[in-house]
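Student: Next up is a structure, given as structure tokens.
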Protein chains: 4
Amino acid sequence: MRRARTKPAGERRADLLAAGRALFLAKGIAATPLEDITSTAGCPKGLFYLYFRSKEDLLLGLPDEFSAEFAGRIRGAVAAEADWTIRLGACVRVSFEYYRDLLDLHEILFHHAVHDAGQHRHEPLVAGVIADLLTEGAAAGAFDAADPKMTAVLCYTSMRAFDPGFHGGGGELADERLRRAAQEFFRRSAGVR
Amino acid sequence: MRRARTKPAGERRADLLAAGRALFLAKGIAATPLEDITSTAGCPKGLFYLYFRSKEDLLLGLPDEFSAEFAGRIRGAVAAEADWTIRLGACVRVSFEYYRDLLDLHEILFHHAVHDAGQHRHEPLVAGVIADLLTEGAAAGAFDAADPKMTAVLCYTSMRAFDPGFHGGGGELADERLRRAAQEFFRRSAGVR
Amino acid sequence: MRRARTKPAGERRADLLAAGRALFLAKGIAATPLEDITSTAGCPKGLFYLYFRSKEDLLLGLPDEFSAEFAGRIRGAVAAEADWTIRLGACVRVSFEYYRDLLDLHEILFHHAVHDAGQHRHEPLVAGVIADLLTEGAAAGAFDAADPKMTAVLCYTSMRAFDPGFHGGGGELADERLRRAAQEFFRRSAGVR
Amino acid sequence: MRRARTKPAGERRADLLAAGRALFLAKGIAATPLEDITSTAGCPKGLFYLYFRSKEDLLLGLPDEFSAEFAGRIRGAVAAEADWTIRLGACVRVSFEYYRDLLDLHEILFHHAVHDAGQHRHEPLVAGVIADLLTEGAAAGAFDAADPKMTAVLCYTSMRAFDPGFHGGGGELADERLRRAAQEFFRRSAGVR
DNA sequence: GATGAATGAGTTTTCATTCAT
DNA sequence: TATGAATGAAAACTCATTCAT
């Protein structure tokens with residue numbers, strides 16, 4: 001029929017969110033006019049305001065989504081393993097992948113938030129998952145981090161190195177080196193026995 | 001005399017750079033109109049274009065300044081010590097201080113660069129200093145990092161945890177914990193013997 | 001049953017008219033989106049167009065209502081009295097009351113009409129009632145207005161002074177003074193013998 | 001030279017004010033886009049915001065201008081006469097003229113203000129001038145208004161009858177009748193001896 | 001050089017009205 | 001009949017950059 005002018009509200013909202021996500025990632029927030037978002041989402045400009053109060057409002061909707069997704073991915077990968085060291089490795093692997101996909105957006109949103117709503121409320125989620133991993137691993141006698149919570153924060157922030165931007169055009173080789181270094185880096189930080 | 005309208009070119013440029021830095025930090029790049037910069041710098045709007053080709057041009061001038069300053073501070077602190085482990089500690093200490101002052105601007109510029117000029121040209125400088133420290137320390141038999149360069153990148157990125165935003169309102173206590181955890185974190189990563 | 005979605009057409013129309021009246025009064029015509037009207041009336045947006053051709057059409061429906069109501073009230077009050085001077089007093093009293101309730105809306109509609117449909121078609125009604133009073137009173141030998149019709153117009157317009165806005169926050173005392181002054185004012189204008 | 005891209009600030013502001021005045025009068029506030037104002041004033045859109053913070057701000061600038069002008073005109077005409085009854089007549093004549101020119105704008109602004117800033121702060125000025133006339137005339141033994149202040153308010157509001165809209169297309173004859181009736185109306189209200 | 005008024009393309013946002021369901 | 005998502009033209013406002021003085 002190809003009619004479908006009307007879409008379920010949830011889907012429309014998701015389309016707009018996705019369009020915003022893609023465009024902010026590609027060009028930055030300020031450089032993305034609202035009209036680009038709606039045309040990418042395949043809807044007229046005015047419809048945007050049926051789902052979001054303003055451009056700002058769209059921005060506010062994105063971080064939660066991602067932080068939750070990131071945290072969920074790590075948790076899932078960790079839960080799939082039994083051995084603590086392997087769990088730690090899984091955490092690193094998944095994060096590496098995630099950053100490759102979404103870090104930039106994460107960062108963009110993160111920084112936008114700084115100027116606006118004040119503090120970064122979406123970060124702790126991921127750092128918390130890592131902290132849990134370190135704490136529980138320590139309780140199980142597998143790790144030995146002096147201050148799991150703070151260590152988790154440091155581990156979390158170090159992940160930004162996974163952003164391809166950090167080592168020019170190293171290519172696959174550099175990637176592989178980075179993965180390996182990160183695995184070692186996390187193991188040492190966690191104090192793997 | 002009421003003259004004094006004229007200022008040495010170097011000073012004017014510096015004033016504008018400083019004004020930009022302060023305002024970008026406070027409100028973000030997109031949210032800072034050029035006029036705010038000139039009025040903060042205390043000069044007429046038109047004068048701006050005598051010192052910079054465009055707003056963008058001002059942005060481009062800032063990162064080098066900071067990256068060099070950061071790298072220089074670390075290098076200085078490291079050089080002031082003889083023992084490798086203490087040098088590492090000094091590196092962490094200085095970085096902590098630096099981030100407290102300037103991280104946000106650093107980040108803002110960093111992210112602006114991503115969408116614009118492409119790759120982050122100012123990061124490697126600092127990561128390079130850390131890499132040198134790890135490499136030289138390893139050569140001296142004090143450290144044992146498998147891949148000093150990559151480890152340095154990870155160490156460098158982890159420093160973002162020093163951003164006060166990362167742990168709500170922890171206050172002095174949390175700061176102290178973080179400093180201590182960071183020292184341990186770096187020592188482990190470096191593989192201090 | 002959860003039915004009751006349907007309402008008699010007359011009632012729906014009245015609800016919308018009432019909602020428009022209240023909102024135009026509170027915020028002005030231009031500042032009142034159609035959606036506010038329908039939501040205040042408790043009906044979906046689309047339904048509006050079943051009862052009115054356009055927003056403009058709603059506006060057009062309001063003045064007649066009010067002008068007729070106002071004229072009717074005066075006529076009623078006048079008819080209830082026998083003495084001409086008392087009749088004039090009743091006219092003033094009723095007008096005072098009416099203006100306190102509805103002047104603003106009256107004015108809003110009046111002004112809207114100016115730019116739109118051209119001339120104020122609802123004013124003459126009230127002025128006409130006053131003109132009748134003056135003319136008939138004069139015929140009965142009770143009044144002596146040189147030009148009853150024009151005098152009636154002047155009397156009618158002077159009533160705008162009853163708008164509370166015209167004398168700040170005078171309170172009850174100022175109100176009483178105004179009532180008294182208006183009574184005298186009308187008596188003199190009518191040339192009460 | 002016909003250059004003159006630049007204009008004295010005062011003149012530009014006045015041009016915009018005048019353009020706004022003319023257009024609001026002709027089409028109403030809501031129906032006048034900002035761009036019409038600037039194009040009428042012969043300047044680009046953006047320049048508007050150098051002189052006014054917003055469209056609203058322009059509106060706010062108009063009433064004072066007019067109320068002062070109106071009051072001034074009356075005062076001037078009154079001062080030019082010696083006899084109190086003639087003074088009253090001059091007041092009516094001048095007001096009649098004024099209303100013919102500017103009433104609509106006056107009214108438009110008046111009503112806009114109602115919804116915005118609340119109370120009509122510009123009316124009292126004119127009513128005050130009339131009140132002075134009545135009070136001083138009474139002191140001189142020429143008038144006899146029971147409550148000069150309230151009577152002045154009633155006289156002032158009655159002037160709205162001068163708005164051509166109030167008697168359809170009566171033409172010159174109706175105008176003459178209205179002038180005459182108004183003169184008589186004011187004389188009676190003032191209680192001319 | 002120095003100045004700040006001028007410029008106008010580009011953005012966000014609003015909302016009356018339509019229309020598929 | 002009833003609904004509210006869809007539509008897009010139109011409006012307000014911003015601001016980097018230019019340029020006459």
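Ordered as shown in the structure tokens, chains take letters A, B, and onward, while each chain numbers its residues from 1 and ligands are numbered from 1 in the order shown.
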Do you know which residues are at most 12 Å from stretch 9-19 of chain E counting only C-alpha atoms (C1' of nucleotides), after dropping those on the same chain fewer than 4 positions away, and could you put them as a PyMOL selection string?
Tutor: (chain A and resi 5-6+30-36+45-50+52-56) or (chain C and resi 30-36+45-49+52-56) or (chain D and resi 44-46) or (chain F and resi 3-17)
Student: Using only C-alpha atoms (C1' of nucleotides), which residues sit within 10 Å of A:Gly128 once same-chain residues fewer than 4 positions away are excluded, as a list of chain:residue names?
Tutor: A:Ala71, A:Glu123, A:Pro124, A:Asp132, A:Leu133, A:Leu134, A:Pro148, A:Lys149, A:Met150, A:Ala152, A:Val153, A:Tyr156
Student: Could you turn the residues from that selection into a file that holds C-alpha atoms, as a PDB file, in the first residue's frame?
Tutor:
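Result saved to again_14.pdb:
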```pdb
ATOM      1  CA  ALA A  71      26.183  -0.878  30.296  1.00  0.00           C
ATOM      2  CA  GLU A 123      28.590   8.089  32.864  1.00  0.00           C
ATOM      3  CA  PRO A 124      28.286   6.402  36.272  1.00  0.00           C
ATOM      4  CA  ASP A 132      30.734  -4.253  40.180  1.00  0.00           C
ATOM      5  CA  LEU A 133      32.945  -6.496  38.140  1.00  0.00           C
ATOM      6  CA  LEU A 134      36.044  -5.451  40.072  1.00  0.00           C
ATOM      7  CA  PRO A 148      37.449  -0.746  42.901  1.00  0.00           C
ATOM      8  CA  LYS A 149      35.169   2.201  42.451  1.00  0.00           C
ATOM      9  CA  MET A 150      37.827   4.707  41.566  1.00  0.00           C
ATOM     10  CA  ALA A 152      36.571   1.502  37.601  1.00  0.00           C
ATOM     11  CA  VAL A 153      36.228   5.170  36.785  1.00  0.00           C
ATOM     12  CA  TYR A 156      36.127   3.571  32.055  1.00  0.00           C
TER      13      TYR A 156
END
```
Student: If the cut-off is 8 Å, can you tell me the residues of chain E near chain B, counting only C-alpha atoms (C1' of nucleotides)? I'd like them as a VMD selection string.
Tutor: chain E and resid 2 to 4
Student: Mind writing the picked residues with C-alpha atoms (C1' of nucleotides) as a CSV table (one decimal), in the first residue's frame?
Tutor:
```
chain,number,residue,atom,x,y,z
E,2,DA,C1',39.8,51.1,14.3
E,3,DT,C1',34.8,50.9,14.5
E,4,DG,C1',30.2,49.3,14.9
```
Student: Taking only C-alpha atoms into account, name the residue in B:Ala77, B:Ala68, B:Val126, B:Leu178 that is nearest to B:Phe162.
Tutor: B:Leu178
Student: Please provide the set of residues having any atom within 10 Å of C:Thr135, restricted to only C-alpha atoms (C1' of nucleotides), with same-chain residues fewer than 2 positions apart removed, written as a PyMOL selection string.
Tutor: chain C and resi 129-133+137-149+152+190
Student: With distances taken over only C-alpha atoms, which residue among A:Arg93, A:Lys27, A:Arg193, A:Arg73 lies nearest chain B?
Tutor: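 Among the listed residues, the smallest separation from chain B belongs to A:Lys27.
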Student: Residues at most 9 Å from D:Val94, counting only C-alpha atoms (C1' of nucleotides), excluding those fewer than 2 positions away in the same chain, as an NGL selection string?
Tutor: :D and (70 or 73-74 or 77 or 89-92 or 96-99)
Student: Once you have the residues from the selection above, write them out as an mmCIF file, in the first residue's frame, restricted to N, CA and C atoms.
Tutor:
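Final output, saved to part_35.cif:
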```cif
data_model
loop_
_atom_site.group_PDB
_atom_site.id
_atom_site.type_symbol
_atom_site.label_atom_id
_atom_site.label_comp_id
_atom_site.auth_asym_id
_atom_site.auth_seq_id
_atom_site.Cartn_x
_atom_site.Cartn_y
_atom_site.Cartn_z
ATOM 1 N N PHE D 70 -0.565 62.928 22.468
ATOM 2 C CA PHE D 70 -1.976 63.281 22.619
ATOM 3 C C PHE D 70 -2.135 64.306 23.747
ATOM 4 N N ARG D 73 -0.793 67.665 22.790
ATOM 5 C CA ARG D 73 -1.640 68.408 21.856
ATOM 6 C C ARG D 73 -2.783 69.099 22.582
ATOM 7 N N ILE D 74 -3.406 68.353 23.481
ATOM 8 C CA ILE D 74 -4.528 68.937 24.220
ATOM 9 C C ILE D 74 -4.050 70.118 25.058
ATOM 10 N N ALA D 77 -3.421 73.150 22.973
ATOM 11 C CA ALA D 77 -4.631 73.806 22.483
ATOM 12 C C ALA D 77 -5.353 74.541 23.607
ATOM 13 N N GLY D 89 -13.843 73.472 24.598
ATOM 14 C CA GLY D 89 -14.142 73.223 23.186
ATOM 15 C C GLY D 89 -12.888 72.862 22.412
ATOM 16 N N ALA D 90 -11.784 73.529 22.725
ATOM 17 C CA ALA D 90 -10.522 73.247 22.036
ATOM 18 C C ALA D 90 -10.060 71.832 22.344
ATOM 19 N N CYS D 91 -10.272 71.458 23.579
ATOM 20 C CA CYS D 91 -9.890 70.104 23.991
ATOM 21 C C CYS D 91 -10.641 69.071 23.168
ATOM 22 N N VAL D 92 -11.920 69.291 22.991
ATOM 23 C CA VAL D 92 -12.731 68.363 22.213
ATOM 24 C C VAL D 92 -12.291 68.352 20.755
ATOM 25 N N PHE D 96 -10.736 65.206 18.775
ATOM 26 C CA PHE D 96 -11.423 64.681 17.596
ATOM 27 C C PHE D 96 -10.425 64.476 16.467
ATOM 28 N N GLU D 97 -9.612 65.478 16.249
ATOM 29 C CA GLU D 97 -8.601 65.392 15.197
ATOM 30 C C GLU D 97 -7.635 64.228 15.481
ATOM 31 N N TYR D 98 -7.180 64.184 16.699
ATOM 32 C CA TYR D 98 -6.219 63.159 17.079
ATOM 33 C C TYR D 98 -6.772 61.759 16.853
ATOM 34 N N TYR D 99 -7.991 61.601 17.276
ATOM 35 C CA TYR D 99 -8.576 60.275 17.134
ATOM 36 C C TYR D 99 -8.705 59.893 15.680
#
```
Student: Return as number ranges by chain the full set of residues in stretch 15-191 of chain B whose backbone-based DSSP assignment is alpha helix (DSSP H).
Tutor: B: 15-27, 34-41, 48-51, 55-79, 84-116, 123-139, 148-158, 171-190
Student: Find the residue from A:Arg75, A:Arg12, A:Lys7, A:Arg187 that sits nearest to chain B; use only C-alpha atoms when measuring.
Tutor: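 With only C-alpha atoms as the atom set, the closest residue is A:Arg187.
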